[in-house]
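Engineer: What follows is the file model.pdb, containing PDB, C-alpha atoms, pLDDT in the B column:
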```
ATOM      1  CA  MET E   1      26.394  38.351  27.093  1.00 85.00           C
ATOM      2  CA  ALA E   2      22.652  37.775  27.507  1.00 87.00           C
ATOM      3  CA  ASN E   3      23.292  34.084  28.198  1.00 86.00           C
ATOM      4  CA  LYS E   4      25.794  34.882  30.938  1.00 85.00           C
ATOM      5  CA  LEU E   5      23.371  37.354  32.483  1.00 87.00           C
ATOM      6  CA  ARG E   6      20.481  34.901  32.303  1.00 86.00           C
ATOM      7  CA  SER E   7      22.300  32.427  34.502  1.00 82.00           C
ATOM      8  CA  ARG E   8      22.943  35.120  37.123  1.00 80.00           C
ATOM      9  CA  LEU E   9      19.593  36.922  37.246  1.00 83.00           C
ATOM     10  CA  SER E  10      17.040  35.186  39.421  1.00 75.00           C
ATOM     11  CA  ASP E  11      15.219  38.343  40.490  1.00 70.00           C
ATOM     12  CA  ILE E  12      12.002  39.134  38.616  1.00 76.00           C
ATOM     13  CA  ASP E  13      12.415  42.869  39.317  1.00 85.00           C
ATOM     14  CA  VAL E  14      15.154  43.591  36.791  1.00 93.00           C
ATOM     15  CA  GLN E  15      15.709  46.972  35.146  1.00 95.00           C
ATOM     16  CA  LEU E  16      18.251  47.212  32.339  1.00 96.00           C
ATOM     17  CA  LEU E  17      19.726  50.649  31.705  1.00 97.00           C
ATOM     18  CA  ALA E  18      21.802  51.311  28.594  1.00 96.00           C
ATOM     19  CA  ILE E  19      24.250  54.196  28.297  1.00 97.00           C
ATOM     20  CA  PRO E  20      23.882  56.084  24.979  1.00 95.00           C
ATOM     21  CA  ALA E  21      25.057  56.055  22.431  1.00 92.00           C
ATOM     22  CA  GLY E  22      26.960  52.788  21.990  1.00 93.00           C
ATOM     23  CA  GLY E  23      25.291  50.996  24.869  1.00 94.00           C
ATOM     24  CA  VAL E  24      21.830  51.299  23.334  1.00 95.00           C
ATOM     25  CA  PRO E  25      22.094  48.655  20.562  1.00 93.00           C
ATOM     26  CA  VAL E  26      23.872  46.313  22.983  1.00 94.00           C
ATOM     27  CA  GLY E  27      21.222  46.929  25.626  1.00 94.00           C
ATOM     28  CA  CYS E  28      18.366  46.434  23.177  1.00 92.00           C
ATOM     29  CA  VAL E  29      19.647  42.996  22.176  1.00 92.00           C
ATOM     30  CA  VAL E  30      20.206  41.933  25.781  1.00 94.00           C
ATOM     31  CA  ALA E  31      16.832  43.260  26.995  1.00 92.00           C
ATOM     32  CA  GLU E  32      14.987  41.562  24.174  1.00 91.00           C
ATOM     33  CA  SER E  33      16.755  38.270  24.797  1.00 91.00           C
ATOM     34  CA  LEU E  34      16.096  38.346  28.547  1.00 91.00           C
ATOM     35  CA  GLY E  35      12.631  39.898  28.389  1.00 90.00           C
ATOM     36  CA  VAL E  36      13.452  42.568  30.973  1.00 92.00           C
ATOM     37  CA  ARG E  37      12.484  46.218  31.297  1.00 91.00           C
ATOM     38  CA  PHE E  38      14.670  48.543  29.253  1.00 93.00           C
ATOM     39  CA  ASP E  39      15.523  52.220  29.541  1.00 94.00           C
ATOM     40  CA  VAL E  40      18.408  54.613  29.045  1.00 95.00           C
ATOM     41  CA  ALA E  41      20.804  56.135  31.590  1.00 96.00           C
ATOM     42  CA  ILE E  42      22.206  59.379  30.213  1.00 96.00           C
ATOM     43  CA  VAL E  43      25.866  59.682  31.181  1.00 97.00           C
ATOM     44  CA  ARG E  44      28.509  61.587  29.241  1.00 97.00           C
ATOM     45  CA  LYS E  45      32.270  61.637  29.592  1.00 96.00           C
ATOM     46  CA  VAL E  46      33.950  64.987  30.259  1.00 97.00           C
ATOM     47  CA  GLN E  47      36.100  65.333  27.165  1.00 96.00           C
ATOM     48  CA  ILE E  48      39.736  66.327  27.150  1.00 95.00           C
ATOM     49  CA  PRO E  49      39.688  69.580  25.108  1.00 93.00           C
ATOM     50  CA  TRP E  50      42.371  68.536  22.630  1.00 94.00           C
ATOM     51  CA  ASN E  51      41.320  64.869  22.478  1.00 92.00           C
ATOM     52  CA  PRO E  52      37.506  64.523  22.495  1.00 89.00           C
ATOM     53  CA  GLU E  53      37.762  60.745  22.153  1.00 87.00           C
ATOM     54  CA  ALA E  54      39.199  60.612  25.673  1.00 89.00           C
ATOM     55  CA  GLY E  55      37.802  61.910  28.946  1.00 94.00           C
ATOM     56  CA  PHE E  56      38.804  62.810  32.481  1.00 97.00           C
ATOM     57  CA  GLY E  57      35.520  62.006  34.210  1.00 97.00           C
ATOM     58  CA  ALA E  58      31.798  61.924  33.548  1.00 98.00           C
ATOM     59  CA  VAL E  59      28.446  63.574  34.322  1.00 98.00           C
ATOM     60  CA  ALA E  60      25.230  61.606  34.934  1.00 98.00           C
ATOM     61  CA  TRP E  61      21.576  62.435  34.329  1.00 96.00           C
ATOM     62  CA  ASP E  62      20.961  63.340  37.985  1.00 96.00           C
ATOM     63  CA  GLY E  63      23.931  65.709  38.182  1.00 96.00           C
ATOM     64  CA  THR E  64      26.406  63.227  39.650  1.00 98.00           C
ATOM     65  CA  VAL E  65      29.976  64.095  38.620  1.00 98.00           C
ATOM     66  CA  ILE E  66      33.066  61.928  39.109  1.00 98.00           C
ATOM     67  CA  LEU E  67      36.431  63.231  37.939  1.00 98.00           C
ATOM     68  CA  ASN E  68      39.731  61.441  37.399  1.00 97.00           C
ATOM     69  CA  GLY E  69      41.912  63.522  39.700  1.00 96.00           C
ATOM     70  CA  PRO E  70      45.258  61.865  38.891  1.00 96.00           C
ATOM     71  CA  LEU E  71      44.656  62.317  35.150  1.00 96.00           C
ATOM     72  CA  ILE E  72      43.657  65.951  35.617  1.00 97.00           C
ATOM     73  CA  ALA E  73      46.933  66.536  37.453  1.00 97.00           C
ATOM     74  CA  ARG E  74      49.001  64.750  34.796  1.00 96.00           C
ATOM     75  CA  LEU E  75      47.353  66.779  32.032  1.00 97.00           C
ATOM     76  CA  GLY E  76      47.907  70.018  33.921  1.00 97.00           C
ATOM     77  CA  LEU E  77      44.270  71.091  33.587  1.00 97.00           C
ATOM     78  CA  SER E  78      43.409  74.251  35.501  1.00 97.00           C
ATOM     79  CA  THR E  79      40.444  74.416  37.853  1.00 97.00           C
ATOM     80  CA  GLU E  80      38.738  76.872  35.518  1.00 97.00           C
ATOM     81  CA  LEU E  81      39.227  74.645  32.463  1.00 97.00           C
ATOM     82  CA  VAL E  82      37.863  71.650  34.350  1.00 98.00           C
ATOM     83  CA  ARG E  83      34.856  73.718  35.414  1.00 98.00           C
ATOM     84  CA  ARG E  84      34.168  74.787  31.804  1.00 98.00           C
ATOM     85  CA  CYS E  85      34.487  71.227  30.512  1.00 98.00           C
ATOM     86  CA  VAL E  86      32.096  69.919  33.159  1.00 98.00           C
ATOM     87  CA  SER E  87      29.637  72.712  32.343  1.00 98.00           C
ATOM     88  CA  LEU E  88      29.708  71.823  28.634  1.00 97.00           C
ATOM     89  CA  THR E  89      29.162  68.172  29.502  1.00 98.00           C
ATOM     90  CA  ARG E  90      26.162  69.074  31.648  1.00 98.00           C
ATOM     91  CA  GLU E  91      24.666  70.833  28.633  1.00 97.00           C
ATOM     92  CA  THR E  92      25.165  67.719  26.510  1.00 96.00           C
ATOM     93  CA  VAL E  93      23.527  65.569  29.179  1.00 97.00           C
ATOM     94  CA  ARG E  94      20.534  67.926  29.330  1.00 96.00           C
ATOM     95  CA  TYR E  95      20.245  67.817  25.532  1.00 95.00           C
ATOM     96  CA  ARG E  96      20.324  64.020  25.499  1.00 94.00           C
ATOM     97  CA  LEU E  97      17.800  63.815  28.319  1.00 94.00           C
ATOM     98  CA  ASP E  98      15.399  65.896  26.261  1.00 93.00           C
ATOM     99  CA  LYS E  99      16.209  64.004  23.056  1.00 92.00           C
ATOM    100  CA  PHE E 100      16.074  60.439  24.348  1.00 92.00           C
ATOM    101  CA  ARG E 101      13.692  60.717  27.316  1.00 88.00           C
ATOM    102  CA  GLY E 102      11.470  63.722  26.654  1.00 85.00           C
ATOM    103  CA  ASN E 103       9.150  64.243  29.617  1.00 85.00           C
ATOM    104  CA  ARG E 104       9.167  60.616  30.777  1.00 84.00           C
ATOM    105  CA  SER E 105      10.092  60.103  34.406  1.00 87.00           C
ATOM    106  CA  PHE E 106      13.106  57.987  35.266  1.00 91.00           C
ATOM    107  CA  PRO E 107      12.227  54.415  36.318  1.00 92.00           C
ATOM    108  CA  GLN E 108      12.041  53.610  40.017  1.00 93.00           C
ATOM    109  CA  LEU E 109      15.106  51.604  41.003  1.00 96.00           C
ATOM    110  CA  LYS E 110      14.564  51.073  44.722  1.00 95.00           C
ATOM    111  CA  ASP E 111      14.857  47.360  45.604  1.00 94.00           C
ATOM    112  CA  GLN E 112      15.372  46.499  41.928  1.00 93.00           C
ATOM    113  CA  THR E 113      18.191  44.549  40.320  1.00 95.00           C
ATOM    114  CA  VAL E 114      19.725  47.084  37.934  1.00 97.00           C
ATOM    115  CA  VAL E 115      21.822  45.984  34.961  1.00 97.00           C
ATOM    116  CA  LEU E 116      23.969  48.753  33.456  1.00 98.00           C
ATOM    117  CA  VAL E 117      25.071  48.131  29.879  1.00 97.00           C
ATOM    118  CA  ASP E 118      27.522  49.941  27.610  1.00 97.00           C
ATOM    119  CA  ASP E 119      29.413  48.950  24.464  1.00 95.00           C
ATOM    120  CA  GLY E 120      32.668  48.856  26.413  1.00 95.00           C
ATOM    121  CA  LEU E 121      34.745  50.425  29.172  1.00 96.00           C
ATOM    122  CA  ALA E 122      37.865  52.380  28.274  1.00 93.00           C
ATOM    123  CA  SER E 123      38.745  54.310  31.445  1.00 93.00           C
ATOM    124  CA  GLY E 124      35.659  53.118  33.325  1.00 95.00           C
ATOM    125  CA  PHE E 125      34.722  56.557  34.691  1.00 97.00           C
ATOM    126  CA  THR E 126      31.512  56.831  32.663  1.00 97.00           C
ATOM    127  CA  MET E 127      30.267  53.551  34.106  1.00 98.00           C
ATOM    128  CA  LEU E 128      31.508  54.455  37.587  1.00 98.00           C
ATOM    129  CA  THR E 129      29.451  57.663  37.430  1.00 98.00           C
ATOM    130  CA  ALA E 130      26.375  55.770  36.213  1.00 98.00           C
ATOM    131  CA  MET E 131      26.774  53.302  39.079  1.00 98.00           C
ATOM    132  CA  GLU E 132      27.006  56.089  41.646  1.00 98.00           C
ATOM    133  CA  ALA E 133      23.851  57.752  40.310  1.00 98.00           C
ATOM    134  CA  VAL E 134      21.970  54.442  40.350  1.00 98.00           C
ATOM    135  CA  LYS E 135      23.055  53.607  43.909  1.00 97.00           C
ATOM    136  CA  LYS E 136      21.492  56.835  45.175  1.00 97.00           C
ATOM    137  CA  GLN E 137      18.084  55.292  44.410  1.00 96.00           C
ATOM    138  CA  GLY E 138      18.582  52.273  46.656  1.00 97.00           C
ATOM    139  CA  PRO E 139      18.632  49.321  44.251  1.00 96.00           C
ATOM    140  CA  LYS E 140      18.801  45.786  45.580  1.00 95.00           C
ATOM    141  CA  LYS E 141      21.748  44.906  43.340  1.00 95.00           C
ATOM    142  CA  VAL E 142      23.800  46.601  40.611  1.00 97.00           C
ATOM    143  CA  VAL E 143      25.272  44.549  37.775  1.00 97.00           C
ATOM    144  CA  VAL E 144      27.523  45.906  35.023  1.00 97.00           C
ATOM    145  CA  ALA E 145      27.533  44.034  31.710  1.00 97.00           C
ATOM    146  CA  VAL E 146      29.787  45.021  28.812  1.00 97.00           C
ATOM    147  CA  PRO E 147      31.247  43.234  25.796  1.00 95.00           C
ATOM    148  CA  THR E 148      34.778  44.591  26.310  1.00 96.00           C
ATOM    149  CA  ALA E 149      36.885  46.567  28.790  1.00 96.00           C
ATOM    150  CA  SER E 150      40.429  47.571  29.601  1.00 95.00           C
ATOM    151  CA  THR E 151      42.137  45.997  32.595  1.00 96.00           C
ATOM    152  CA  GLY E 152      42.302  49.451  34.176  1.00 94.00           C
ATOM    153  CA  ALA E 153      38.542  49.926  33.850  1.00 96.00           C
ATOM    154  CA  ILE E 154      37.912  46.488  35.338  1.00 97.00           C
ATOM    155  CA  ASP E 155      40.107  47.371  38.328  1.00 96.00           C
ATOM    156  CA  LEU E 156      38.229  50.672  38.788  1.00 96.00           C
ATOM    157  CA  VAL E 157      34.687  49.333  38.467  1.00 97.00           C
ATOM    158  CA  THR E 158      34.842  45.906  40.137  1.00 97.00           C
ATOM    159  CA  PRO E 159      35.196  47.062  43.782  1.00 96.00           C
ATOM    160  CA  ASN E 160      32.155  49.330  43.385  1.00 95.00           C
ATOM    161  CA  VAL E 161      29.638  46.930  41.836  1.00 97.00           C
ATOM    162  CA  ASP E 162      27.879  43.765  42.997  1.00 96.00           C
ATOM    163  CA  GLU E 163      28.779  41.887  39.836  1.00 95.00           C
ATOM    164  CA  LEU E 164      30.611  42.637  36.590  1.00 96.00           C
ATOM    165  CA  ILE E 165      30.264  40.620  33.391  1.00 96.00           C
ATOM    166  CA  CYS E 166      32.736  41.315  30.589  1.00 96.00           C
ATOM    167  CA  LEU E 167      33.361  39.044  27.626  1.00 94.00           C
ATOM    168  CA  ASN E 168      36.656  40.552  26.480  1.00 93.00           C
ATOM    169  CA  ILE E 169      39.249  42.105  28.813  1.00 93.00           C
ATOM    170  CA  ARG E 170      42.388  43.544  27.246  1.00 90.00           C
ATOM    171  CA  GLY E 171      45.518  45.159  28.602  1.00 86.00           C
ATOM    172  CA  GLY E 172      48.295  47.073  26.888  1.00 80.00           C
ATOM    173  CA  PRO E 173      49.202  50.748  26.593  1.00 80.00           C
ATOM    174  CA  VAL E 174      46.420  51.524  24.106  1.00 81.00           C
ATOM    175  CA  PHE E 175      42.779  50.482  24.401  1.00 86.00           C
ATOM    176  CA  ALA E 176      39.898  51.239  22.042  1.00 86.00           C
ATOM    177  CA  VAL E 177      36.400  49.824  22.425  1.00 88.00           C
ATOM    178  CA  ALA E 178      36.083  49.642  18.633  1.00 82.00           C
ATOM    179  CA  ASP E 179      38.946  47.145  18.408  1.00 87.00           C
ATOM    180  CA  ALA E 180      36.769  44.444  19.972  1.00 87.00           C
ATOM    181  CA  TYR E 181      34.118  44.691  17.238  1.00 88.00           C
ATOM    182  CA  GLN E 182      34.074  43.420  13.675  1.00 86.00           C
ATOM    183  CA  GLU E 183      31.699  46.248  12.788  1.00 85.00           C
ATOM    184  CA  TRP E 184      31.658  49.459  14.826  1.00 82.00           C
ATOM    185  CA  HIS E 185      30.849  53.123  14.253  1.00 86.00           C
ATOM    186  CA  ASP E 186      29.781  56.146  16.263  1.00 87.00           C
ATOM    187  CA  LEU E 187      25.992  56.131  16.423  1.00 90.00           C
ATOM    188  CA  SER E 188      24.099  59.280  15.514  1.00 91.00           C
ATOM    189  CA  ASP E 189      21.216  60.513  17.678  1.00 91.00           C
ATOM    190  CA  GLU E 190      18.846  59.405  14.942  1.00 91.00           C
ATOM    191  CA  GLU E 191      20.200  55.856  15.018  1.00 92.00           C
ATOM    192  CA  VAL E 192      19.827  55.762  18.796  1.00 92.00           C
ATOM    193  CA  MET E 193      16.216  56.926  18.470  1.00 91.00           C
ATOM    194  CA  GLU E 194      15.534  54.161  15.952  1.00 89.00           C
ATOM    195  CA  PHE E 195      16.718  51.543  18.428  1.00 89.00           C
ATOM    196  CA  LEU E 196      14.757  53.104  21.271  1.00 88.00           C
ATOM    197  CA  GLY E 197      11.634  53.320  19.156  1.00 85.00           C
ATOM    198  CA  LYS E 198      11.370  49.531  19.125  1.00 77.00           C
ATOM    199  CA  PHE E 199      10.879  49.521  22.881  1.00 69.00           C
ATOM    200  CA  VAL E 200       8.297  52.263  23.375  1.00 54.00           C
ATOM    201  CA  SER E 201       5.215  50.953  25.120  1.00 43.00           C
ATOM    202  CA  ILE E 202       2.650  53.087  26.964  1.00 29.00           C
ATOM    203  CA  GLY E 203       5.172  55.845  27.519  1.00 36.00           C
ATOM    204  CA  ASP E 204       8.018  53.677  28.811  1.00 46.00           C
ATOM    205  CA  PHE E 205      10.895  51.881  27.155  1.00 43.00           C
ATOM    206  CA  LEU E 206       9.981  48.262  27.780  1.00 42.00           C
ATOM    207  CA  HIS E 207      10.714  44.908  26.239  1.00 41.00           C
ATOM    208  CA  GLU E 208       8.550  44.835  23.110  1.00 41.00           C
ATOM    209  CA  GLU E 209       5.777  42.258  23.098  1.00 39.00           C
ATOM    210  CA  ARG E 210       6.680  38.976  21.457  1.00 35.00           C
TER     211      ARG E 210
END
```
Step by step, read the file and then write its structure as structure tokens.
Structural biologist:
Amino acid sequence: MANKLRSRLSDIDVQLLAIPAGGVPVGCVVAESLGVRFDVAIVRKVQIPWNPEAGFGAVAWDGTVILNGPLIARLGLSTELVRRCVSLTRETVRYRLDKFRGNRSFPQLKDQTVVLVDDGLASGFTMLTAMEAVKKQGPKKVVVAVPTASTGAIDLVTPNVDELICLNIRGGPVFAVADAYQEWHDLSDEEVMEFLGKFVSIGDFLHEER
């Protein structure tokens, strides 16, 4: 993925943002390979109460919320239940902001080329929410780079981004990000912190010195 990005990034002002948890190890590898600035974009899917592996929208670090209205209707979720789920997700986002960012300010994205990285796109709503939050800061260009994605997620994200790079696109009635990996597991907060620790430099997550 880094090689494909390298051929498309001519701008020297590049900021890579990885979505925890799974996007962090992917983002670390890509940032190190490209030698670009690295940081995290805290976005969390709004979980379906009886199926926490799936979501019906997402909440971003700046409070941006995007919900999957058609799915909410199909699931028969009440307005009150949706409100509670979004509220719980906001709490998780606040926790992760404190855990992974502490008191560090978010990087300035105005007139920057921003590369958003995750380990994969299932529904695409988490990435869509991240993109919307990033666009509010006036970047020059927004690029999404992921190892794998469903055809539905590609259709959702592509019209809203300047460029999308995906190495493995799969259709079918069932999609799981893990299926595209030989080795995959849910990362703990501690594992995420270990990855991030490699990129701490003068208070910012940057490409570590070679």
Engineer: What is the distance, in Å and to one decimal place, between atom CA of E:Ala180 and atom CA of E:Val24?
Structural biologist: 16.8 Å
Engineer: Do you know which residues are at most 12 Å from stretch 155-161 of chain E counting all atoms listed in the file, after dropping those on the same chain fewer than 6 positions away, and could you put them as a PDB file with C-alpha atoms, in the coordinates of the input?
Structural biologist:
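Result went into selection-v6.pdb, see below:
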```
ATOM      1  CA  ASN E  68      39.731  61.441  37.399  1.00 97.00           C
ATOM      2  CA  THR E 113      18.191  44.549  40.320  1.00 95.00           C
ATOM      3  CA  VAL E 114      19.725  47.084  37.934  1.00 97.00           C
ATOM      4  CA  VAL E 115      21.822  45.984  34.961  1.00 97.00           C
ATOM      5  CA  LEU E 116      23.969  48.753  33.456  1.00 98.00           C
ATOM      6  CA  LEU E 121      34.745  50.425  29.172  1.00 96.00           C
ATOM      7  CA  ALA E 122      37.865  52.380  28.274  1.00 93.00           C
ATOM      8  CA  SER E 123      38.745  54.310  31.445  1.00 93.00           C
ATOM      9  CA  GLY E 124      35.659  53.118  33.325  1.00 95.00           C
ATOM     10  CA  PHE E 125      34.722  56.557  34.691  1.00 97.00           C
ATOM     11  CA  THR E 126      31.512  56.831  32.663  1.00 97.00           C
ATOM     12  CA  MET E 127      30.267  53.551  34.106  1.00 98.00           C
ATOM     13  CA  LEU E 128      31.508  54.455  37.587  1.00 98.00           C
ATOM     14  CA  THR E 129      29.451  57.663  37.430  1.00 98.00           C
ATOM     15  CA  ALA E 130      26.375  55.770  36.213  1.00 98.00           C
ATOM     16  CA  MET E 131      26.774  53.302  39.079  1.00 98.00           C
ATOM     17  CA  GLU E 132      27.006  56.089  41.646  1.00 98.00           C
ATOM     18  CA  VAL E 134      21.970  54.442  40.350  1.00 98.00           C
ATOM     19  CA  LYS E 135      23.055  53.607  43.909  1.00 97.00           C
ATOM     20  CA  PRO E 139      18.632  49.321  44.251  1.00 96.00           C
ATOM     21  CA  LYS E 140      18.801  45.786  45.580  1.00 95.00           C
ATOM     22  CA  LYS E 141      21.748  44.906  43.340  1.00 95.00           C
ATOM     23  CA  VAL E 142      23.800  46.601  40.611  1.00 97.00           C
ATOM     24  CA  VAL E 143      25.272  44.549  37.775  1.00 97.00           C
ATOM     25  CA  VAL E 144      27.523  45.906  35.023  1.00 97.00           C
ATOM     26  CA  ALA E 145      27.533  44.034  31.710  1.00 97.00           C
ATOM     27  CA  VAL E 146      29.787  45.021  28.812  1.00 97.00           C
ATOM     28  CA  ALA E 149      36.885  46.567  28.790  1.00 96.00           C
ATOM     29  CA  ILE E 169      39.249  42.105  28.813  1.00 93.00           C
ATOM     30  CA  ARG E 170      42.388  43.544  27.246  1.00 90.00           C
ATOM     31  CA  GLY E 171      45.518  45.159  28.602  1.00 86.00           C
TER      32      GLY E 171
END
```
Engineer: List every protein, DNA or RNA residue that has an atom no more than 12 Å from (37.3, 60.5, 22.3) in the file's coordinate frame, counting all atoms listed in the file, and report them as a PyMOL selection string.
Structural biologist: chain E and resi 44-56+122-123+175-178+186
Engineer: Check which residues satisfy the PyMOL selection byres ((chain E and resi 5) around 10) in the file shown, then give them as a PyMOL selection string.
Structural biologist: chain E and resi 1-4+6-10+30+34+115+143-145+164-165
Engineer: Quick check, in Å to one decimal: how far apart do atom CA of E:Pro147 and atom CA of E:Cys166 lie?
Structural biologist: 5.4 Å
Engineer: Rank nothing, just name the residue among E:Ala133, E:Val174, E:Val14, E:Ala60 nearest to E:Arg37, using all atoms listed in the file.
Structural biologist: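 Looking at the shortest contact to E:Arg37, the residue is E:Val14.
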Engineer: Measure the distance from atom CA of E:Asn168 to atom CA of E:Ile19 in Å and round it to one decimal.
Structural biologist: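 Taking atom CA of E:Asn168 and atom CA of E:Ile19, their separation equals 18.5 Å.
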Engineer: Carefully work through the PyMOL selection byres ((chain E and resi 109) around 7) for this structure and note down the residues it includes, as a PyMOL selection string.
Structural biologist: chain E and resi 107-108+110-112+137-139
Engineer: Counting all atoms listed in the file, which of E:Glu163, E:Glu194, E:Asp119, E:Asp13 gets nearest to E:Phe100?
Structural biologist: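 Closest to E:Phe100, using all atoms listed in the file: E:Glu194.
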Engineer: Could you tell me which of E:Val36, E:Leu81, E:Val29, E:Leu97 comes closest to E:Leu16 if we count all atoms listed in the file?
Structural biologist: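 Distance minimum relative to E:Leu16 lands on E:Val36.
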Engineer: Box along x, y and z, 6 Å on every side, all listed atoms of stretch 80-88 of chain E inside: centre and edge lengths in Å to one decimal, as JSON.
Structural biologist:
```
{"center_x": 34.4, "center_y": 73.4, "center_z": 32.1, "size_x": 21.6, "size_y": 19.0, "size_z": 18.9}
```
Engineer: Measuring between all atoms listed in the file, which one of E:Lys136, E:Gly197, E:Tyr95, E:Gly22 shows the shortest distance to E:Thr64?
Structural biologist: E:Lys136
